[in-house]
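Q: What follows is data28.tsv; its format and atoms are TSV, C-alpha atoms.
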chain	number	residue	atom	x	y	z
A	1	MET	CA	6.13	-33.02	-24.70
A	2	LYS	CA	2.50	-31.92	-24.27
A	3	HIS	CA	2.31	-33.51	-20.80
A	4	ARG	CA	5.58	-31.89	-19.81
A	5	ILE	CA	4.26	-28.42	-20.75
A	6	ILE	CA	1.02	-29.01	-18.81
A	7	ARG	CA	3.00	-30.22	-15.77
A	8	LEU	CA	5.34	-27.24	-15.94
A	9	THR	CA	2.41	-24.82	-16.28
A	10	LEU	CA	0.68	-26.38	-13.26
A	11	ILE	CA	3.87	-26.13	-11.19
A	12	VAL	CA	4.38	-22.46	-12.14
A	13	VAL	CA	0.71	-21.52	-11.49
A	14	GLY	CA	0.69	-23.48	-8.20
A	15	THR	CA	3.92	-21.87	-7.02
A	16	LEU	CA	2.68	-18.39	-7.89
A	17	PHE	CA	-0.61	-19.05	-6.09
A	18	ILE	CA	1.13	-20.34	-2.95
A	19	PHE	CA	3.59	-17.45	-2.71
A	20	LYS	CA	0.94	-14.84	-3.52
A	21	PHE	CA	-1.94	-15.98	-1.31
A	22	ILE	CA	-0.72	-18.54	1.26
A	23	LEU	CA	2.96	-18.13	2.10
A	24	ILE	CA	3.87	-14.51	1.41
A	25	PRO	CA	7.62	-13.89	1.36
A	26	VAL	CA	8.53	-10.60	3.06
A	27	ARG	CA	11.68	-8.64	3.73
A	28	ILE	CA	12.03	-7.05	7.17
A	29	SER	CA	12.94	-3.41	7.53
A	30	GLY	CA	13.55	-1.72	10.87
A	31	GLN	CA	14.73	-2.67	14.35
A	32	SER	CA	11.45	-2.87	16.25
A	33	MET	CA	11.47	-6.71	16.33
A	34	GLU	CA	15.11	-7.10	17.37
A	35	PRO	CA	16.67	-9.39	18.60
A	36	ASN	CA	14.32	-11.99	17.10
A	37	TYR	CA	13.87	-10.49	13.63
A	38	HIS	CA	16.71	-8.47	12.19
A	39	ASN	CA	16.69	-5.49	9.87
A	40	GLY	CA	17.15	-6.79	6.31
A	41	GLY	CA	16.02	-10.28	7.31
A	42	PHE	CA	13.53	-12.45	5.49
A	43	VAL	CA	10.45	-14.36	6.62
A	44	PHE	CA	7.33	-15.98	5.21
A	45	VAL	CA	3.86	-14.89	6.34
A	46	ASN	CA	1.61	-17.92	6.64
A	47	ARG	CA	-2.02	-17.00	5.98
A	48	LEU	CA	-3.50	-20.42	6.74
A	49	PRO	CA	-3.53	-20.46	10.59
A	50	TYR	CA	-6.09	-17.66	10.97
A	51	PHE	CA	-8.65	-19.15	8.59
A	52	ARG	CA	-9.64	-21.62	11.31
A	53	HIS	CA	-8.25	-20.20	14.58
A	54	ALA	CA	-8.15	-16.76	16.14
A	55	PRO	CA	-4.70	-15.25	16.72
A	56	SER	CA	-3.19	-16.09	20.09
A	57	ARG	CA	-0.84	-14.37	22.50
A	58	GLY	CA	2.81	-14.55	21.53
A	59	ASP	CA	2.11	-14.92	17.81
A	60	VAL	CA	4.25	-12.76	15.54
A	61	VAL	CA	1.76	-11.46	12.99
A	62	ALA	CA	1.68	-9.47	9.78
A	63	ILE	CA	-0.67	-6.49	9.81
A	64	ARG	CA	-1.81	-5.21	6.45
A	65	LEU	CA	-2.05	-1.57	5.42
A	66	SER	CA	-4.07	-0.73	2.28
A	67	GLY	CA	-2.88	-4.03	0.78
A	68	THR	CA	-0.29	-6.70	1.35
A	69	SER	CA	2.64	-5.08	-0.42
A	70	MET	CA	3.71	-3.42	2.83
A	71	MET	CA	2.86	-4.82	6.26
A	72	TYR	CA	3.79	-4.32	9.89
A	73	LEU	CA	5.38	-7.24	11.74
A	74	LYS	CA	4.44	-7.23	15.44
A	75	ARG	CA	3.85	-9.59	18.34
A	76	ILE	CA	0.43	-10.06	19.94
A	77	ILE	CA	0.47	-9.50	23.70
A	78	GLY	CA	-3.17	-8.61	24.42
A	79	LEU	CA	-6.36	-10.41	23.43
A	80	PRO	CA	-9.92	-9.07	23.01
A	81	GLY	CA	-11.65	-8.23	26.29
A	82	GLU	CA	-8.43	-8.06	28.34
A	83	VAL	CA	-7.16	-5.07	30.29
A	84	LEU	CA	-3.56	-4.29	29.39
A	85	GLU	CA	-1.06	-1.92	30.92
A	86	ILE	CA	2.70	-1.49	30.94
A	87	LYS	CA	4.37	-0.51	34.21
A	88	LYS	CA	8.11	0.17	34.23
A	89	GLY	CA	8.46	-1.95	31.10
A	90	VAL	CA	6.52	-4.92	32.46
A	91	VAL	CA	3.33	-5.87	30.60
A	92	LEU	CA	0.36	-6.54	32.88
A	93	ILE	CA	-2.62	-8.48	31.55
A	94	ASN	CA	-5.66	-8.14	33.83
A	95	SER	CA	-3.15	-6.95	36.49
A	96	SER	CA	-0.94	-10.09	36.18
A	97	PRO	CA	2.61	-9.76	34.79
A	98	LEU	CA	3.16	-11.35	31.40
A	99	GLN	CA	6.16	-13.66	31.02
A	100	GLU	CA	7.99	-12.59	27.88
A	101	SER	CA	10.95	-14.89	27.24
A	102	TYR	CA	11.59	-13.28	23.85
A	103	ILE	CA	12.73	-9.98	25.39
A	104	ILE	CA	16.33	-9.57	26.48
A	105	GLU	CA	16.41	-5.99	27.71
A	106	ARG	CA	13.63	-3.50	28.43
A	107	ASP	CA	13.29	0.22	28.90
A	108	GLU	CA	10.86	1.52	31.53
A	109	TRP	CA	7.84	2.01	29.31
A	110	GLN	CA	4.62	3.27	30.88
A	111	ILE	CA	1.21	2.66	29.32
A	112	GLU	CA	-2.02	3.45	31.13
A	113	PRO	CA	-4.53	0.57	31.53
A	114	ILE	CA	-6.58	0.00	28.41
A	115	MET	CA	-9.45	-2.40	27.80
A	116	LEU	CA	-9.42	-4.17	24.46
A	117	ALA	CA	-12.71	-4.19	22.58
A	118	PRO	CA	-14.09	-7.36	20.93
A	119	GLY	CA	-12.06	-8.14	17.82
A	120	GLU	CA	-9.19	-5.96	19.00
A	121	TYR	CA	-5.64	-7.18	19.73
A	122	TYR	CA	-2.69	-5.41	21.31
A	123	VAL	CA	0.50	-5.67	19.28
A	124	ILE	CA	4.01	-4.56	20.10
A	125	GLY	CA	7.59	-5.08	18.93
A	126	ASP	CA	10.17	-7.23	20.75
A	127	ASN	CA	12.71	-4.42	20.92
A	128	ARG	CA	11.83	-2.71	24.21
A	129	ARG	CA	15.29	-1.19	24.61
A	130	MET	CA	14.33	1.67	22.33
A	131	PRO	CA	12.31	4.62	23.67
A	132	SER	CA	8.56	4.04	23.42
A	133	ASP	CA	8.11	7.29	21.43
A	134	GLY	CA	9.94	5.83	18.44
A	135	HIS	CA	8.10	2.53	18.53
A	136	LEU	CA	4.82	1.77	16.78
A	137	PHE	CA	2.56	-0.33	19.01
A	138	GLY	CA	-1.03	-0.48	20.22
A	139	ARG	CA	-4.47	-1.81	19.34
A	140	VAL	CA	-5.23	-3.36	15.99
A	141	GLU	CA	-8.44	-4.76	14.52
A	142	ASN	CA	-8.67	-8.47	13.82
A	143	LYS	CA	-9.42	-7.86	10.10
A	144	ARG	CA	-6.00	-6.23	9.72
A	145	ILE	CA	-4.12	-9.34	10.89
A	146	ILE	CA	-3.51	-11.39	7.78
A	147	GLY	CA	-1.13	-14.11	8.89
A	148	ARG	CA	1.57	-15.42	11.19
A	149	ALA	CA	5.30	-15.36	10.70
A	150	LEU	CA	6.43	-18.86	9.74
A	151	TRP	CA	9.41	-18.79	12.16
B	152	MET	CA	-9.73	-27.91	-47.70
B	153	VAL	CA	-12.74	-27.08	-45.60
B	154	ILE	CA	-14.89	-24.18	-46.47
B	155	TYR	CA	-17.20	-22.96	-43.81
B	156	SER	CA	-19.90	-20.41	-44.09
B	157	VAL	CA	-19.84	-17.13	-42.28
B	158	GLU	CA	-23.30	-15.94	-41.40
B	159	SER	CA	-22.50	-12.80	-39.45
B	160	LYS	CA	-23.12	-9.22	-40.42
B	161	ILE	CA	-20.51	-6.68	-39.39
B	162	LYS	CA	-21.53	-3.09	-40.02
B	163	GLY	CA	-22.70	-3.24	-43.59
B	164	LEU	CA	-20.63	-6.22	-44.55
B	165	SER	CA	-23.13	-8.90	-45.38
B	166	VAL	CA	-21.79	-12.34	-46.06
B	167	GLU	CA	-23.64	-14.84	-48.12
B	168	PRO	CA	-23.60	-18.40	-46.84
B	169	CYS	CA	-21.44	-20.86	-48.76
B	170	GLY	CA	-19.61	-18.23	-50.76
B	171	ASN	CA	-16.52	-19.16	-52.77
B	172	ILE	CA	-13.01	-19.25	-51.30
B	173	TYR	CA	-11.88	-16.04	-52.94
B	174	SER	CA	-14.71	-13.86	-51.62
B	175	ASN	CA	-14.47	-15.42	-48.15
B	176	ASN	CA	-10.77	-14.57	-47.98
B	177	MET	CA	-11.52	-10.98	-48.98
B	178	ILE	CA	-14.21	-10.73	-46.33
B	179	THR	CA	-11.93	-12.25	-43.70
B	180	LYS	CA	-9.33	-9.61	-44.57
B	181	LYS	CA	-11.92	-6.85	-44.28
B	182	VAL	CA	-13.09	-8.21	-40.93
B	183	TRP	CA	-9.53	-8.19	-39.65
B	184	TRP	CA	-9.11	-4.61	-40.83
B	185	VAL	CA	-12.31	-3.61	-39.01
B	186	ILE	CA	-11.13	-5.34	-35.80
B	187	LEU	CA	-7.71	-3.70	-36.10
B	188	SER	CA	-9.25	-0.26	-36.69
B	189	ILE	CA	-11.57	-0.63	-33.69
B	190	THR	CA	-8.62	-1.70	-31.51
B	191	VAL	CA	-6.51	1.26	-32.65
B	192	ILE	CA	-9.40	3.68	-32.02
B	193	ALA	CA	-10.10	2.18	-28.57
B	194	VAL	CA	-6.43	2.35	-27.55
B	195	SER	CA	-6.21	5.95	-28.82
B	196	VAL	CA	-9.34	6.97	-26.90
B	197	LEU	CA	-8.02	5.32	-23.71
B	198	TYR	CA	-4.61	6.93	-24.14
B	199	PHE	CA	-5.69	10.45	-25.07
B	200	SER	CA	-8.75	10.71	-22.84
B	201	PRO	CA	-8.07	8.47	-19.84
B	202	SER	CA	-10.74	7.78	-17.25
B	203	ASP	CA	-10.87	9.73	-13.99
B	204	LYS	CA	-9.44	6.77	-12.09
B	205	ARG	CA	-6.53	6.51	-14.48
B	206	GLN	CA	-5.89	10.25	-14.30
B	207	ILE	CA	-5.83	10.16	-10.50
B	208	LYS	CA	-3.49	7.17	-10.43
B	209	THR	CA	-1.09	8.89	-12.81
B	210	ARG	CA	-1.33	12.12	-10.82
B	211	LEU	CA	-0.51	10.40	-7.51
B	212	ILE	CA	2.33	8.38	-9.04
B	213	ASP	CA	3.76	11.64	-10.42
B	214	LEU	CA	3.42	13.23	-6.97
B	215	THR	CA	5.42	10.48	-5.28
B	216	GLU	CA	8.06	10.61	-8.00
B	217	ASP	CA	8.38	14.38	-7.65
B	218	LEU	CA	8.56	14.15	-3.84
B	219	SER	CA	11.68	12.01	-4.10
B	220	PHE	CA	15.03	13.78	-4.35
B	221	SER	CA	18.69	12.94	-4.07
B	222	ALA	CA	21.40	14.64	-2.02
B	223	LYS	CA	22.93	16.07	-5.23
B	224	ASN	CA	20.08	18.55	-5.81
B	225	SER	CA	20.07	20.38	-2.51
B	226	GLY	CA	20.70	23.99	-3.55
B	227	GLN	CA	18.28	26.81	-2.73
B	228	ILE	CA	16.95	27.09	-6.28
B	229	ALA	CA	16.39	23.34	-6.52
B	230	THR	CA	14.62	23.39	-3.16
B	231	ALA	CA	12.33	26.28	-4.20
B	232	LEU	CA	11.48	24.62	-7.51
B	233	TRP	CA	10.80	21.33	-5.74
B	234	ALA	CA	8.46	22.96	-3.19
B	235	ASP	CA	6.60	24.80	-5.99
B	236	LYS	CA	6.22	21.60	-7.99
B	237	ILE	CA	4.87	19.64	-5.02
B	238	ALA	CA	2.50	22.44	-3.98
B	239	ASP	CA	0.99	22.42	-7.49
B	240	TYR	CA	-0.54	19.02	-6.79
B	241	PHE	CA	-2.59	20.43	-3.92
B	242	SER	CA	-5.63	22.64	-3.73
B	243	GLU	CA	-5.29	26.06	-2.09
B	244	VAL	CA	-7.43	24.91	0.82
B	245	VAL	CA	-5.71	21.57	1.38
B	246	ALA	CA	-5.91	20.03	4.86
B	247	ILE	CA	-3.30	17.49	5.94
B	248	THR	CA	-3.50	15.36	9.09
B	249	LEU	CA	-0.82	12.77	9.70
B	250	GLU	CA	-0.28	10.56	12.72
B	251	GLU	CA	3.21	10.24	14.13
B	252	VAL	CA	4.72	7.01	15.48
B	253	ASN	CA	3.99	8.05	19.08
B	254	GLY	CA	0.30	8.46	18.28
B	255	GLN	CA	0.28	12.27	18.18
B	256	THR	CA	-1.20	13.97	15.16
B	257	TRP	CA	0.43	16.60	13.00
B	258	SER	CA	-1.86	18.93	11.05
B	259	LEU	CA	-1.38	21.54	8.38
B	260	ASP	CA	-3.73	23.46	6.15
B	261	LYS	CA	-3.49	25.69	3.06
B	262	ARG	CA	-1.16	25.24	0.13
B	263	GLU	CA	1.06	28.18	1.07
B	264	ASN	CA	1.76	26.71	4.53
B	265	LEU	CA	2.54	23.38	2.91
B	266	LYS	CA	5.05	25.07	0.63
B	267	GLN	CA	6.76	26.79	3.56
B	268	THR	CA	6.92	23.50	5.46
B	269	LEU	CA	8.49	21.77	2.47
B	270	LEU	CA	11.05	24.55	2.08
B	271	ALA	CA	11.99	24.23	5.74
B	272	ALA	CA	12.07	20.43	5.74
B	273	ARG	CA	14.18	19.69	2.68
B	274	PRO	CA	17.55	21.05	3.97
B	275	ARG	CA	17.19	18.78	7.01
B	276	LEU	CA	16.84	15.67	4.86
B	277	GLY	CA	19.80	14.14	3.08
B	278	SER	CA	17.67	12.55	0.41
B	279	LEU	CA	14.17	11.17	0.20
B	280	LYS	CA	12.72	8.25	-1.69
B	281	VAL	CA	8.93	8.03	-1.80
B	282	SER	CA	6.77	5.40	-3.45
B	283	MET	CA	3.25	4.07	-3.12
B	284	ASN	CA	1.61	0.67	-3.16
B	285	ASP	CA	-1.85	-0.91	-3.17
B	286	LEU	CA	-3.63	2.14	-4.60
B	287	VAL	CA	-7.43	2.00	-4.69
B	288	VAL	CA	-9.33	4.89	-6.30
B	289	SER	CA	-13.06	5.47	-6.07
B	290	VAL	CA	-14.67	8.36	-7.87
B	291	GLU	CA	-17.56	9.46	-5.66
B	292	SER	CA	-19.54	11.18	-8.35
B	293	SER	CA	-18.78	12.43	-11.82
B	294	ILE	CA	-21.00	15.46	-11.18
B	295	THR	CA	-19.21	16.72	-8.08
B	296	SER	CA	-15.86	15.52	-9.46
B	297	ARG	CA	-14.68	14.28	-6.11
B	298	ALA	CA	-12.62	11.15	-5.54
B	299	ILE	CA	-11.04	9.17	-2.73
B	300	ALA	CA	-7.73	7.34	-3.11
B	301	THR	CA	-6.42	4.93	-0.49
B	302	LEU	CA	-2.80	3.85	-0.69
B	303	THR	CA	0.21	2.76	1.29
B	304	ALA	CA	2.87	5.46	1.19
B	305	GLN	CA	6.39	4.26	1.71
B	306	TRP	CA	9.37	6.53	2.26
B	307	GLN	CA	12.99	6.34	3.21
B	308	GLU	CA	15.22	9.16	4.28
B	309	LYS	CA	18.93	8.87	3.70
B	310	GLY	CA	21.14	10.60	6.21
B	311	PHE	CA	20.06	10.95	9.81
B	312	ASP	CA	17.73	7.96	9.73
B	313	SER	CA	17.64	5.50	6.85
B	314	SER	CA	14.72	3.39	8.10
B	315	LEU	CA	11.91	2.49	5.74
B	316	TRP	CA	8.57	3.92	6.85
B	317	ALA	CA	5.07	3.07	5.67
B	318	ARG	CA	1.63	4.48	6.37
B	319	GLU	CA	-1.82	3.93	4.96
B	320	VAL	CA	-2.99	7.28	3.66
B	321	ILE	CA	-6.32	8.52	2.31
B	322	PHE	CA	-6.27	11.25	-0.32
B	323	GLU	CA	-9.35	13.24	-1.21
B	324	LEU	CA	-9.19	14.92	-4.60
B	325	VAL	CA	-11.34	17.34	-6.56
B	326	LYS	CA	-11.34	18.02	-10.29
B	327	HIS	CA	-10.82	21.58	-11.40
B	328	ASP	CA	-10.19	22.61	-15.03
B	329	ARG	CA	-9.75	18.96	-16.06
B	330	GLN	CA	-7.01	18.48	-13.46
B	331	TRP	CA	-7.19	16.64	-10.12
B	332	PHE	CA	-6.02	18.45	-6.98
B	333	VAL	CA	-5.53	17.01	-3.50
B	334	VAL	CA	-7.83	18.70	-0.96
B	335	LYS	CA	-7.34	16.40	1.99
B	336	VAL	CA	-4.65	14.01	3.17
B	337	GLU	CA	-5.23	11.83	6.21
B	338	SER	CA	-3.21	8.93	7.60
B	339	VAL	CA	-5.08	5.87	8.83
B	340	SER	CA	-4.38	4.65	12.36
B	341	VAL	CA	-3.85	0.97	11.65
B	342	ILE	CA	-2.22	0.51	15.06
B	343	LYS	CA	-3.80	2.79	17.66
B	344	ARG	CA	-2.18	3.64	20.98
Go ahead and render the structure in this file as structure tokens.

A:
Amino acid sequence: MKHRIIRLTLIVVGTLFIFKFILIPVRISGQSMEPNYHNGGFVFVNRLPYFRHAPSRGDVVAIRLSGTSMMYLKRIIGLPGEVLEIKKGVVLINSSPLQESYIIERDEWQIEPIMLAPGEYYVIGDNRRMPSDGHLFGRVENKRIIGRALW
Amino acid sequence: MVIYSVESKIKGLSVEPCGNIYSNNMITKKVWWVILSITVIAVSVLYFSPSDKRQIKTRLIDLTEDLSFSAKNSGQIATALWADKIADYFSEVVAITLEEVNGQTWSLDKRENLKQTLLAARPRLGSLKVSMNDLVVSVESSITSRAIATLTAQWQEKGFDSSLWAREVIFELVKHDRQWFVVKVESVSVIKR
């Protein structure tokens, strides 16, 4: 009986620890990541990958606000030190077009060339059909990126 | 039965080592009463004279609760009362700077202008649900009575657009007549264009 209680306690504490600090379950709200992540959908944010490696292009990441209760879910398209611009909806990295297989349809967004500072990433949503004025995207500091979407 | 000696002194209660069972029980009872009394006093002090941090947290939670409204209460009187109630949380010289999704900033100053903006905005909204998360309060100095609160504001309009929005916001507050008033509101650009 005693061993069973200890085992149960360990399982509960371990589960709480994992889902609080390592694999954070989140509910998605909004259409900015359509068609890959749907409004009302569910995903886990894995915090482990960025303890050892820097975020890479194409990663879908969670960006924290004042804590981790609410986060932004965006895709990384620009890395530190790169020059990024968007011409007629096509993303150019150091003047070369970026292949984005995850986008189905795109509006003709225009973003002037911008150089990313050290420790700065460029994040954007997958839904480029919507007008750019209603879409939150741009530069984000490395310290704000807390993890990667598990799928 | 094991009898153990108590060699502690608790505010005037001196306990002789190796006393008999009866007196030890009496002393134990008295000790429990002292602990209970101290707990009751401490809880009362915390409840009736909360710390600045606690006061600010309560004040900001009340603000978000009061900001929320349902479509049922949309008459002119309800709107006026709502705007008055919200304005009461702010100082007369409040300055608000918020960043919009497209990166442009929206600014407003003075309590009266805030009230007018609220009066104009409410009829356009079906209903509004506001809440806050991850609140961190730091009281700069107890002499100047100035504090900074960082939080994630979350809101959802029902009607035209029912999306859930979130922004990191910094509130600056000052204490006046034992009440905290918001003097500055500024959104943080987590993602910069």

Q: Closest to A:Val45 among A:Phe137, A:Tyr121, A:Trp109, A:Trp151, using only C-alpha atoms?

A: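 Ranking A:Phe137, A:Tyr121, A:Trp109, A:Trp151 by distance to A:Val45, first place goes to A:Trp151.
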
Q: State, in Å with one decimal place, the distance from atom CA of A:Gly125 to atom CA of A:Asn142.

A: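 For atom CA of A:Gly125 relative to atom CA of A:Asn142, the distance reads 17.4 Å.
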
Q: Dump as CSV the rows for residues of chain B within 10 Å of chain A: closest atom pair and distance in Å with one decimal, only C-alpha atoms counted, ordered by chain and rising residue number.

A:
residue,atom,partner,partner_atom,distance
B:Glu251,CA,A:Leu136,CA,9.0
B:Val252,CA,A:Leu136,CA,5.4
B:Asn253,CA,A:Asp133,CA,4.8
B:Gly254,CA,A:Leu136,CA,8.2
B:Gln255,CA,A:Asp133,CA,9.8
B:Met283,CA,A:Ser69,CA,9.6
B:Asn284,CA,A:Ser69,CA,6.5
B:Asp285,CA,A:Gly67,CA,5.1
B:Leu286,CA,A:Ser66,CA,7.5
B:Val287,CA,A:Ser66,CA,8.2
B:Thr301,CA,A:Ser66,CA,6.7
B:Leu302,CA,A:Ser66,CA,5.6
B:Thr303,CA,A:Ser66,CA,5.6
B:Ala304,CA,A:Met70,CA,9.1
B:Gln305,CA,A:Met70,CA,8.2
B:Ser313,CA,A:Gly30,CA,9.2
B:Ser314,CA,A:Gly30,CA,5.9
B:Leu315,CA,A:Ser29,CA,6.3
B:Trp316,CA,A:Gly30,CA,8.5
B:Ala317,CA,A:Met70,CA,7.2
B:Arg318,CA,A:Leu65,CA,7.1
B:Glu319,CA,A:Leu65,CA,5.5
B:Val320,CA,A:Ser66,CA,8.2
B:Ile321,CA,A:Ser66,CA,9.5
B:Val339,CA,A:Leu65,CA,8.7
B:Ser340,CA,A:Val140,CA,8.8
B:Val341,CA,A:Val140,CA,6.3
B:Ile342,CA,A:Val140,CA,5.0
B:Lys343,CA,A:Arg139,CA,4.9
B:Arg344,CA,A:Gly138,CA,4.3

Q: Would you please work out which residue, of B:Val196, B:Leu249, B:Ala271, B:Leu211, is nearest to B:Ala234 when using only C-alpha atoms?

A: B:Ala271

Q: Find the distance between atom CA of B:Trp233 and atom CA of B:Leu214 and write it in Å to one decimal.

A: 11.0 Å

Q: May I ask for the distance between atom CA of B:Val194 and atom CA of B:Ala300, given in Å to one decimal place?

A: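 Atom CA of B:Ala300 lies 25.0 Å from atom CA of B:Val194.
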
Q: Can you work out which one of B:Ser225, B:Ser242, B:Ser296, B:Thr209 has the shortest atom-to-atom distance to B:Lys266, counting all atoms listed in the file?

A: B:Ser242

Q: For stretch 252-260 of chain B in the structure I just supplied, write out all heavy atoms - as a PDB file, in the first residue's frame.

A:
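The resulting file, decode.pdb, is shown below:
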ATOM      1  N   VAL B 252      -1.812  45.670 -34.519  1.00  0.00           N
ATOM      2  CA  VAL B 252      -1.259  44.481 -35.196  1.00  0.00           C
ATOM      3  C   VAL B 252      -0.309  44.882 -36.334  1.00  0.00           C
ATOM      4  O   VAL B 252       0.737  44.272 -36.534  1.00  0.00           O
ATOM      5  CB  VAL B 252      -2.410  43.607 -35.754  1.00  0.00           C
ATOM      6  CG1 VAL B 252      -1.859  42.397 -36.487  1.00  0.00           C
ATOM      7  CG2 VAL B 252      -3.319  43.160 -34.635  1.00  0.00           C
ATOM      8  N   ASN B 253      -0.674  45.940 -37.055  1.00  0.00           N
ATOM      9  CA  ASN B 253       0.147  46.342 -38.209  1.00  0.00           C
ATOM     10  C   ASN B 253       1.400  47.131 -37.814  1.00  0.00           C
ATOM     11  O   ASN B 253       2.109  47.647 -38.676  1.00  0.00           O
ATOM     12  CB  ASN B 253      -0.688  47.144 -39.208  1.00  0.00           C
ATOM     13  CG  ASN B 253      -1.302  48.390 -38.592  1.00  0.00           C
ATOM     14  OD1 ASN B 253      -0.919  48.812 -37.507  1.00  0.00           O
ATOM     15  ND2 ASN B 253      -2.267  48.966 -39.276  1.00  0.00           N
ATOM     16  N   GLY B 254       1.663  47.236 -36.527  1.00  0.00           N
ATOM     17  CA  GLY B 254       2.883  47.887 -36.063  1.00  0.00           C
ATOM     18  C   GLY B 254       2.716  49.370 -35.744  1.00  0.00           C
ATOM     19  O   GLY B 254       3.614  49.987 -35.175  1.00  0.00           O
ATOM     20  N   GLN B 255       1.578  49.945 -36.114  1.00  0.00           N
ATOM     21  CA  GLN B 255       1.352  51.367 -35.819  1.00  0.00           C
ATOM     22  C   GLN B 255       0.931  51.542 -34.366  1.00  0.00           C
ATOM     23  O   GLN B 255       0.331  50.642 -33.788  1.00  0.00           O
ATOM     24  CB  GLN B 255       0.274  51.920 -36.751  1.00  0.00           C
ATOM     25  CG  GLN B 255       0.761  52.005 -38.185  1.00  0.00           C
ATOM     26  CD  GLN B 255      -0.261  52.635 -39.104  1.00  0.00           C
ATOM     27  OE1 GLN B 255      -1.442  52.640 -38.805  1.00  0.00           O
ATOM     28  NE2 GLN B 255       0.212  53.145 -40.223  1.00  0.00           N
ATOM     29  N   THR B 256       1.278  52.695 -33.819  1.00  0.00           N
ATOM     30  CA  THR B 256       0.936  52.910 -32.406  1.00  0.00           C
ATOM     31  C   THR B 256      -0.284  53.828 -32.281  1.00  0.00           C
ATOM     32  O   THR B 256      -0.521  54.708 -33.109  1.00  0.00           O
ATOM     33  CB  THR B 256       2.112  53.523 -31.620  1.00  0.00           C
ATOM     34  OG1 THR B 256       2.578  54.656 -32.332  1.00  0.00           O
ATOM     35  CG2 THR B 256       3.235  52.534 -31.453  1.00  0.00           C
ATOM     36  N   TRP B 257      -1.015  53.578 -31.222  1.00  0.00           N
ATOM     37  CA  TRP B 257      -2.226  54.348 -30.928  1.00  0.00           C
ATOM     38  C   TRP B 257      -2.027  54.952 -29.540  1.00  0.00           C
ATOM     39  O   TRP B 257      -1.758  54.232 -28.584  1.00  0.00           O
ATOM     40  CB  TRP B 257      -3.411  53.382 -30.963  1.00  0.00           C
ATOM     41  CG  TRP B 257      -4.729  53.977 -30.594  1.00  0.00           C
ATOM     42  CD1 TRP B 257      -5.611  54.582 -31.428  1.00  0.00           C
ATOM     43  CD2 TRP B 257      -5.327  53.991 -29.291  1.00  0.00           C
ATOM     44  NE1 TRP B 257      -6.717  54.974 -30.723  1.00  0.00           N
ATOM     45  CE2 TRP B 257      -6.563  54.635 -29.412  1.00  0.00           C
ATOM     46  CE3 TRP B 257      -4.919  53.540 -28.043  1.00  0.00           C
ATOM     47  CZ2 TRP B 257      -7.414  54.828 -28.336  1.00  0.00           C
ATOM     48  CZ3 TRP B 257      -5.775  53.734 -26.958  1.00  0.00           C
ATOM     49  CH2 TRP B 257      -7.008  54.365 -27.117  1.00  0.00           C
ATOM     50  N   SER B 258      -2.113  56.285 -29.466  1.00  0.00           N
ATOM     51  CA  SER B 258      -1.845  56.950 -28.181  1.00  0.00           C
ATOM     52  C   SER B 258      -3.045  57.756 -27.702  1.00  0.00           C
ATOM     53  O   SER B 258      -3.860  58.234 -28.511  1.00  0.00           O
ATOM     54  CB  SER B 258      -0.662  57.903 -28.308  1.00  0.00           C
ATOM     55  OG  SER B 258       0.441  57.208 -28.763  1.00  0.00           O
ATOM     56  N   LEU B 259      -3.096  57.913 -26.404  1.00  0.00           N
ATOM     57  CA  LEU B 259      -4.176  58.693 -25.795  1.00  0.00           C
ATOM     58  C   LEU B 259      -3.682  59.205 -24.451  1.00  0.00           C
ATOM     59  O   LEU B 259      -2.924  58.518 -23.762  1.00  0.00           O
ATOM     60  CB  LEU B 259      -5.380  57.754 -25.599  1.00  0.00           C
ATOM     61  CG  LEU B 259      -6.688  58.309 -25.079  1.00  0.00           C
ATOM     62  CD1 LEU B 259      -7.834  57.574 -25.736  1.00  0.00           C
ATOM     63  CD2 LEU B 259      -6.802  58.199 -23.585  1.00  0.00           C
ATOM     64  N   ASP B 260      -4.048  60.409 -24.106  1.00  0.00           N
ATOM     65  CA  ASP B 260      -3.675  60.878 -22.771  1.00  0.00           C
ATOM     66  C   ASP B 260      -4.854  61.550 -22.082  1.00  0.00           C
ATOM     67  O   ASP B 260      -5.831  61.918 -22.729  1.00  0.00           O
ATOM     68  CB  ASP B 260      -2.440  61.787 -22.813  1.00  0.00           C
ATOM     69  CG  ASP B 260      -2.680  63.045 -23.611  1.00  0.00           C
ATOM     70  OD1 ASP B 260      -3.768  63.163 -24.204  1.00  0.00           O
ATOM     71  OD2 ASP B 260      -1.794  63.904 -23.648  1.00  0.00           O
TER      72      ASP B 260
END
